[in-house]
Structures are given as structure tokens and as C-alpha cells.
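Source file: input33.pdb. Holds: PDB, C-alpha atoms, pLDDT in the B column.
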```pdb
MODEL        1
ATOM      1  CA  MET W  14      25.231  -7.390 -25.976  1.00 49.00           C
ATOM      2  CA  GLY W  15      26.553  -6.154 -29.334  1.00 52.00           C
ATOM      3  CA  LYS W  16      24.490  -2.940 -29.496  1.00 55.00           C
ATOM      4  CA  ARG W  17      25.534   0.571 -28.510  1.00 56.00           C
ATOM      5  CA  PRO W  18      25.010   1.358 -24.831  1.00 57.00           C
ATOM      6  CA  GLY W  19      21.904   3.361 -23.987  1.00 65.00           C
ATOM      7  CA  ARG W  20      21.079   5.352 -20.853  1.00 64.00           C
ATOM      8  CA  ARG W  21      20.068   2.218 -18.952  1.00 66.00           C
ATOM      9  CA  ASP W  22      23.333   0.483 -19.887  1.00 62.00           C
ATOM     10  CA  LEU W  23      25.346   3.517 -18.828  1.00 56.00           C
ATOM     11  CA  ALA W  24      23.514   3.643 -15.480  1.00 58.00           C
ATOM     12  CA  ILE W  25      24.300  -0.036 -14.936  1.00 60.00           C
ATOM     13  CA  LEU W  26      27.909   0.586 -15.933  1.00 57.00           C
ATOM     14  CA  CYS W  27      28.137   3.368 -13.319  1.00 52.00           C
ATOM     15  CA  LEU W  28      26.735   0.971 -10.709  1.00 55.00           C
ATOM     16  CA  VAL W  29      29.309  -1.646 -11.657  1.00 54.00           C
ATOM     17  CA  ALA W  30      32.159   0.879 -11.645  1.00 50.00           C
ATOM     18  CA  THR W  31      31.117   2.001  -8.157  1.00 45.00           C
ATOM     19  CA  THR W  32      30.952  -1.637  -7.083  1.00 48.00           C
ATOM     20  CA  LEU W  33      34.426  -2.281  -8.513  1.00 44.00           C
ATOM     21  CA  PHE W  34      35.800   0.703  -6.634  1.00 40.00           C
ATOM     22  CA  PHE W  35      34.149   0.052  -3.275  1.00 39.00           C
ATOM     23  CA  CYS W  36      33.670  -3.705  -3.014  1.00 44.00           C
ATOM     24  CA  GLY W  37      37.305  -4.380  -2.239  1.00 41.00           C
ATOM     25  CA  CYS W  38      37.238  -2.106   0.808  1.00 37.00           C
ATOM     26  CA  ALA W  39      33.637  -2.526   1.961  1.00 40.00           C
ATOM     27  CA  SER W  40      34.076  -6.032   3.326  1.00 43.00           C
ATOM     28  CA  ASN W  41      36.856  -8.378   4.245  1.00 48.00           C
ATOM     29  CA  GLU W  42      34.556 -11.298   3.435  1.00 59.00           C
ATOM     30  CA  LEU W  43      34.455 -11.438  -0.358  1.00 69.00           C
ATOM     31  CA  ALA W  44      33.706 -14.499  -2.427  1.00 76.00           C
ATOM     32  CA  THR W  45      36.398 -16.193  -4.434  1.00 85.00           C
ATOM     33  CA  GLU W  46      35.665 -18.410  -7.403  1.00 84.00           C
ATOM     34  CA  GLY W  47      33.796 -21.580  -6.562  1.00 87.00           C
ATOM     35  CA  SER W  48      33.472 -20.717  -2.877  1.00 94.00           C
ATOM     36  CA  PRO W  49      30.164 -20.088  -1.083  1.00 96.00           C
ATOM     37  CA  MET W  50      28.872 -16.568  -1.628  1.00 96.00           C
ATOM     38  CA  PRO W  51      28.682 -14.585   1.623  1.00 95.00           C
ATOM     39  CA  GLU W  52      25.061 -13.638   2.310  1.00 96.00           C
ATOM     40  CA  LYS W  53      26.092 -10.104   3.315  1.00 96.00           C
ATOM     41  CA  GLN W  54      27.903  -9.553   0.014  1.00 95.00           C
ATOM     42  CA  VAL W  55      24.880 -10.631  -2.023  1.00 97.00           C
ATOM     43  CA  ALA W  56      22.552  -8.497   0.149  1.00 97.00           C
ATOM     44  CA  ALA W  57      24.786  -5.436  -0.321  1.00 97.00           C
ATOM     45  CA  TYR W  58      24.675  -5.493  -4.130  1.00 97.00           C
ATOM     46  CA  ILE W  59      21.446  -7.215  -5.196  1.00 98.00           C
ATOM     47  CA  GLN W  60      18.708  -4.887  -6.459  1.00 98.00           C
ATOM     48  CA  PRO W  61      15.052  -5.595  -7.144  1.00 98.00           C
ATOM     49  CA  VAL W  62      13.844  -4.890 -10.670  1.00 98.00           C
ATOM     50  CA  THR W  63      10.236  -5.689  -9.767  1.00 98.00           C
ATOM     51  CA  SER W  64       8.319  -2.810  -8.166  1.00 97.00           C
ATOM     52  CA  SER W  65       8.367  -2.948  -4.361  1.00 96.00           C
ATOM     53  CA  SER W  66       4.553  -2.720  -4.381  1.00 97.00           C
ATOM     54  CA  SER W  67       4.523  -6.288  -5.760  1.00 97.00           C
ATOM     55  CA  TYR W  68       5.886  -7.767  -2.531  1.00 98.00           C
ATOM     56  CA  ASP W  69       5.911  -7.102   1.216  1.00 98.00           C
ATOM     57  CA  THR W  70       9.121  -8.995   1.992  1.00 97.00           C
ATOM     58  CA  PRO W  71      11.979  -9.170  -0.528  1.00 97.00           C
ATOM     59  CA  PRO W  72      13.732 -12.441  -1.342  1.00 98.00           C
ATOM     60  CA  ARG W  73      16.726 -13.351   0.833  1.00 98.00           C
ATOM     61  CA  PHE W  74      19.803 -15.171  -0.442  1.00 98.00           C
ATOM     62  CA  LEU W  75      20.250 -18.571   1.225  1.00 98.00           C
ATOM     63  CA  ARG W  76      23.056 -20.356  -0.599  1.00 98.00           C
ATOM     64  CA  GLY W  77      25.056 -20.489  -3.760  1.00 97.00           C
ATOM     65  CA  TYR W  78      28.605 -20.425  -5.036  1.00 97.00           C
ATOM     66  CA  ALA W  79      30.621 -17.638  -6.609  1.00 96.00           C
ATOM     67  CA  PRO W  80      31.154 -17.889 -10.365  1.00 96.00           C
ATOM     68  CA  PHE W  81      34.390 -19.368 -11.650  1.00 94.00           C
ATOM     69  CA  PHE W  82      36.809 -17.081 -13.441  1.00 92.00           C
ATOM     70  CA  PRO W  83      36.703 -17.787 -17.204  1.00 92.00           C
ATOM     71  CA  THR W  84      39.752 -19.833 -18.240  1.00 88.00           C
ATOM     72  CA  ARG W  85      40.483 -17.759 -21.350  1.00 83.00           C
ATOM     73  CA  GLU W  86      40.375 -14.500 -19.397  1.00 85.00           C
ATOM     74  CA  ALA W  87      42.537 -15.932 -16.596  1.00 81.00           C
ATOM     75  CA  THR W  88      45.335 -16.802 -19.004  1.00 82.00           C
ATOM     76  CA  THR W  89      45.427 -13.202 -20.221  1.00 83.00           C
ATOM     77  CA  HIS W  90      44.976 -11.752 -16.694  1.00 78.00           C
ATOM     78  CA  HIS W  91      41.940  -9.721 -17.714  1.00 80.00           C
ATOM     79  CA  TRP W  92      39.508  -8.484 -15.099  1.00 89.00           C
ATOM     80  CA  GLY W  93      35.878  -7.875 -15.861  1.00 94.00           C
ATOM     81  CA  TYR W  94      32.314  -7.706 -14.714  1.00 95.00           C
ATOM     82  CA  ALA W  95      28.894  -8.982 -15.564  1.00 97.00           C
ATOM     83  CA  VAL W  96      25.449  -7.805 -14.546  1.00 98.00           C
ATOM     84  CA  VAL W  97      22.713 -10.439 -14.537  1.00 98.00           C
ATOM     85  CA  GLU W  98      18.963 -10.262 -14.044  1.00 98.00           C
ATOM     86  CA  PHE W  99      16.948 -13.229 -12.841  1.00 98.00           C
ATOM     87  CA  ASN W 100      13.638 -14.228 -11.290  1.00 98.00           C
ATOM     88  CA  VAL W 101      13.447 -15.598  -7.784  1.00 98.00           C
ATOM     89  CA  THR W 102      10.532 -18.020  -8.052  1.00 98.00           C
ATOM     90  CA  ALA W 103       7.913 -18.854  -5.422  1.00 98.00           C
ATOM     91  CA  ASP W 104       9.921 -21.948  -4.422  1.00 98.00           C
ATOM     92  CA  GLY W 105      13.168 -19.935  -4.002  1.00 98.00           C
ATOM     93  CA  ARG W 106      14.903 -21.117  -7.160  1.00 98.00           C
ATOM     94  CA  THR W 107      16.200 -18.825  -9.884  1.00 98.00           C
ATOM     95  CA  SER W 108      14.789 -18.758 -13.400  1.00 98.00           C
ATOM     96  CA  ASP W 109      15.128 -16.741 -16.597  1.00 98.00           C
ATOM     97  CA  VAL W 110      18.725 -15.794 -15.725  1.00 98.00           C
ATOM     98  CA  ARG W 111      19.993 -13.360 -18.352  1.00 98.00           C
ATOM     99  CA  PRO W 112      23.075 -11.182 -18.732  1.00 98.00           C
ATOM    100  CA  VAL W 113      22.322  -7.474 -18.976  1.00 97.00           C
ATOM    101  CA  LEU W 114      25.841  -6.124 -19.423  1.00 97.00           C
ATOM    102  CA  ALA W 115      29.351  -7.607 -19.382  1.00 97.00           C
ATOM    103  CA  THR W 116      32.888  -6.769 -20.382  1.00 95.00           C
ATOM    104  CA  ALA W 117      33.096 -10.119 -22.202  1.00 94.00           C
ATOM    105  CA  TYR W 118      30.657 -12.901 -22.986  1.00 95.00           C
ATOM    106  CA  SER W 119      32.710 -15.366 -20.929  1.00 95.00           C
ATOM    107  CA  PHE W 120      32.131 -13.310 -17.744  1.00 96.00           C
ATOM    108  CA  ALA W 121      28.395 -13.189 -18.422  1.00 97.00           C
ATOM    109  CA  GLU W 122      28.319 -16.929 -19.080  1.00 97.00           C
ATOM    110  CA  LYS W 123      30.060 -17.793 -15.786  1.00 97.00           C
ATOM    111  CA  ALA W 124      27.796 -15.447 -13.787  1.00 98.00           C
ATOM    112  CA  VAL W 125      24.659 -16.962 -15.358  1.00 98.00           C
ATOM    113  CA  LEU W 126      25.849 -20.516 -14.676  1.00 98.00           C
ATOM    114  CA  ALA W 127      26.477 -19.690 -11.007  1.00 98.00           C
ATOM    115  CA  VAL W 128      23.163 -17.893 -10.393  1.00 98.00           C
ATOM    116  CA  GLN W 129      21.192 -20.747 -11.969  1.00 98.00           C
ATOM    117  CA  GLN W 130      22.168 -22.893  -8.954  1.00 98.00           C
ATOM    118  CA  TRP W 131      21.441 -20.330  -6.219  1.00 98.00           C
ATOM    119  CA  ARG W 132      18.614 -20.615  -3.669  1.00 98.00           C
ATOM    120  CA  PHE W 133      16.637 -17.874  -1.944  1.00 98.00           C
ATOM    121  CA  SER W 134      13.825 -17.597   0.512  1.00 98.00           C
ATOM    122  CA  PRO W 135      11.136 -16.216  -1.819  1.00 98.00           C
ATOM    123  CA  ALA W 136       9.624 -12.757  -1.721  1.00 98.00           C
ATOM    124  CA  ARG W 137       6.206 -12.630  -0.092  1.00 98.00           C
ATOM    125  CA  LYS W 138       3.039 -10.627  -0.632  1.00 98.00           C
ATOM    126  CA  ASN W 139       0.311 -11.009   2.008  1.00 97.00           C
ATOM    127  CA  GLY W 140       2.165 -14.039   3.354  1.00 97.00           C
ATOM    128  CA  GLN W 141       2.204 -15.850   0.005  1.00 98.00           C
ATOM    129  CA  PRO W 142       5.392 -16.435  -2.023  1.00 98.00           C
ATOM    130  CA  VAL W 143       5.628 -14.368  -5.209  1.00 98.00           C
ATOM    131  CA  VAL W 144       8.034 -14.178  -8.153  1.00 98.00           C
ATOM    132  CA  VAL W 145      10.391 -11.181  -8.116  1.00 98.00           C
ATOM    133  CA  ARG W 146      12.952 -10.069 -10.734  1.00 98.00           C
ATOM    134  CA  MET W 147      16.382  -9.135  -9.352  1.00 98.00           C
ATOM    135  CA  ARG W 148      19.636  -7.660 -10.696  1.00 98.00           C
ATOM    136  CA  LEU W 149      23.147  -8.389  -9.430  1.00 98.00           C
ATOM    137  CA  PRO W 150      26.601  -7.210 -10.569  1.00 98.00           C
ATOM    138  CA  PHE W 151      29.622  -9.531 -10.429  1.00 96.00           C
ATOM    139  CA  THR W 152      33.260  -8.462 -10.428  1.00 94.00           C
ATOM    140  CA  PHE W 153      35.886 -10.873 -11.752  1.00 93.00           C
ATOM    141  CA  ARG W 154      39.523 -10.347 -10.777  1.00 86.00           C
ATOM    142  CA  SER W 155      42.428 -12.662 -11.512  1.00 72.00           C
TER     143      SER W 155
ENDMDL
END
```
For the file at hand, write its structure as C-alpha cells.
Amino acid sequence: MGKRPGRRDLAILCLVATTLFFCGCASNELATEGSPMPEKQVAAYIQPVTSSSSYDTPPRFLRGYAPFFPTREATTHHWGYAVVEFNVTADGRTSDVRPVLATAYSFAEKAVLAVQQWRFSPARKNGQPVVVRMRLPFTFRS
């Protein structure tokens, strides 16, 4: 996360900026720290990284909790975001959760810790569960 942003990073940043602008008015059901994530909110912002030809049915979010706001950032009233990528495994768990972009490491860390506990119904190809890589932006507001 210490390198100069490339085209991919700038595209992700534009996605996050759009999310920051619209997510407050797109739904009155937004997650707050430590509360269950609304399925509709996850569905609205999650994006597959894996090619759609690798699956017939995408994974569907079942349950998980919103990340906690980092303590250090809360005391300074900073807002921020993090974008994470992760695999949804054949049993619906998440694996290889990694931050792609964040305003601060603490935001990335909290997003990763939350997603590691999430559960999905797995993606399927020809009726069989398959592993799919996903990307999801998180907005943190104090």
C-alpha cells in the first residue's frame, strides 16, 4: 500500500468515491459498526474479480458483521475507506482476504478482520460449488 497509485488503483479510488457519494442516499438501511451487514448493501457494492465464465451463479452474501471503526481514527474523527478482495470458497467461507486500497492501514485491517468471518452461499458452475474472487469497498464514518 506504500507505492504510487496506478491506473487500477485510480479506477478503484473512483469506485470508492462514487460509493462514498451515493451510499448515504441509496439506502436507509446501512450497516453500523459491529451490526449485521444488510444483504442488499453487500449485493449493491460487491464485484466479482473472477471472470463470469467461471461460474453460472455468483456467490450470495448470507451473514456477517460490519467492521468496527478503528479506535485511533475515531479519536481524531477521521473518515476513510478500504477496498478488500477475497475468495468465496466452495463451502461459502472467505479466504485470502487482502486489502487492495485504503486511506489508512487501520481501515484496511478492520475490513479484513470483518470479512474473514463472513459467510456466503458459494458460486456454482454446472451445479457444483466453485471458488470465486470478489472485491468490496467499505466506507468508515465517525
Exercise: W:Asn100 partners within 6 Å, all atoms listed in the file, chain neighbours under 4 positions left out, as a PyMOL selection string: chain W and resi 107-108+145-146
Residue subset to file, keeping C-alpha atoms, as a PDB file, keeping the file's coordinate frame:
```pdb
ATOM      1  CA  THR W 107      16.200 -18.825  -9.884  1.00 98.00           C
ATOM      2  CA  SER W 108      14.789 -18.758 -13.400  1.00 98.00           C
ATOM      3  CA  VAL W 145      10.391 -11.181  -8.116  1.00 98.00           C
ATOM      4  CA  ARG W 146      12.952 -10.069 -10.734  1.00 98.00           C
TER       5      ARG W 146
END
```
Excluding same-chain residues fewer than 5 positions from W:Trp92, what lies within 12 Å of it counting only C-alpha atoms, as a list of chain:residue names? W:Leu33, W:Phe82, W:Pro83, W:Thr84, W:Arg85, W:Glu86, W:Ala87, W:Ala115, W:Thr116, W:Ala117, W:Ser119, W:Phe120, W:Phe151, W:Thr152, W:Phe153, W:Arg154, W:Ser155
Distance cut-off 12 Å, centre (31.3, -17.6, -9.1) in file coordinates, counting all atoms listed in the file: which residues qualify? Return them as a PDB file with C-alpha atoms, in the coordinates of the input.
```pdb
ATOM      1  CA  LEU W  43      34.455 -11.438  -0.358  1.00 69.00           C
ATOM      2  CA  ALA W  44      33.706 -14.499  -2.427  1.00 76.00           C
ATOM      3  CA  THR W  45      36.398 -16.193  -4.434  1.00 85.00           C
ATOM      4  CA  GLU W  46      35.665 -18.410  -7.403  1.00 84.00           C
ATOM      5  CA  GLY W  47      33.796 -21.580  -6.562  1.00 87.00           C
ATOM      6  CA  SER W  48      33.472 -20.717  -2.877  1.00 94.00           C
ATOM      7  CA  PRO W  49      30.164 -20.088  -1.083  1.00 96.00           C
ATOM      8  CA  MET W  50      28.872 -16.568  -1.628  1.00 96.00           C
ATOM      9  CA  PRO W  51      28.682 -14.585   1.623  1.00 95.00           C
ATOM     10  CA  VAL W  55      24.880 -10.631  -2.023  1.00 97.00           C
ATOM     11  CA  GLY W  77      25.056 -20.489  -3.760  1.00 97.00           C
ATOM     12  CA  TYR W  78      28.605 -20.425  -5.036  1.00 97.00           C
ATOM     13  CA  ALA W  79      30.621 -17.638  -6.609  1.00 96.00           C
ATOM     14  CA  PRO W  80      31.154 -17.889 -10.365  1.00 96.00           C
ATOM     15  CA  PHE W  81      34.390 -19.368 -11.650  1.00 94.00           C
ATOM     16  CA  PHE W  82      36.809 -17.081 -13.441  1.00 92.00           C
ATOM     17  CA  PRO W  83      36.703 -17.787 -17.204  1.00 92.00           C
ATOM     18  CA  TYR W  94      32.314  -7.706 -14.714  1.00 95.00           C
ATOM     19  CA  ALA W  95      28.894  -8.982 -15.564  1.00 97.00           C
ATOM     20  CA  PHE W 120      32.131 -13.310 -17.744  1.00 96.00           C
ATOM     21  CA  ALA W 121      28.395 -13.189 -18.422  1.00 97.00           C
ATOM     22  CA  GLU W 122      28.319 -16.929 -19.080  1.00 97.00           C
ATOM     23  CA  LYS W 123      30.060 -17.793 -15.786  1.00 97.00           C
ATOM     24  CA  ALA W 124      27.796 -15.447 -13.787  1.00 98.00           C
ATOM     25  CA  VAL W 125      24.659 -16.962 -15.358  1.00 98.00           C
ATOM     26  CA  LEU W 126      25.849 -20.516 -14.676  1.00 98.00           C
ATOM     27  CA  ALA W 127      26.477 -19.690 -11.007  1.00 98.00           C
ATOM     28  CA  VAL W 128      23.163 -17.893 -10.393  1.00 98.00           C
ATOM     29  CA  GLN W 129      21.192 -20.747 -11.969  1.00 98.00           C
ATOM     30  CA  GLN W 130      22.168 -22.893  -8.954  1.00 98.00           C
ATOM     31  CA  TRP W 131      21.441 -20.330  -6.219  1.00 98.00           C
ATOM     32  CA  PRO W 150      26.601  -7.210 -10.569  1.00 98.00           C
ATOM     33  CA  PHE W 151      29.622  -9.531 -10.429  1.00 96.00           C
ATOM     34  CA  THR W 152      33.260  -8.462 -10.428  1.00 94.00           C
ATOM     35  CA  PHE W 153      35.886 -10.873 -11.752  1.00 93.00           C
ATOM     36  CA  ARG W 154      39.523 -10.347 -10.777  1.00 86.00           C
TER      37      ARG W 154
END
```
Please indicate the distance in Å from atom CA of W:Pro71 to atom CA of W:Thr102, rounded to one decimal place.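 Distance between the two atoms: 11.7 Å.
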Using the chain letters and numbers from this file, what does the PyMOL selection byres ((chain W and resi 73) around 6) select? Give the answer as number ranges by chain. W: 72, 74, 133-134
If I take atom CA of W:Tyr58 and atom CA of W:Asp109, how far is one from the other in Å, to one decimal? 19.3 Å
How many Å lie between atom CA of W:Ile59 and atom CA of W:His90, rounded to one decimal? 26.6 Å
Quick one: 5 Å padding each side, axis-aligned, all listed atoms of stretch 108-124 of chain W - centre and edge lengths in Å to one decimal, as lines of an AutoDock Vina configuration file?
```
center_x = 23.9
center_y = -12.4
center_z = -18.2
size_x = 28.3
size_y = 22.6
size_z = 19.6
```
From W:Tyr68, W:Pro135, W:Gln54, W:Gln60, residue lying nearest W:Glu98 [all atoms listed in the file]: W:Gln60
Out of W:Thr89, W:Ala57, W:Val113, W:Asp104, which residue has the shortest atom-to-atom distance to W:Arg148 when counting all atoms listed in the file?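 Checking each candidate against W:Arg148, we get W:Val113 as the closest.
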Looking at W:Thr63, W:Leu114, W:His91, W:Arg106, which one is nearest to W:Arg76, with distances taken over all atoms listed in the file?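 Closest candidate: W:Arg106.
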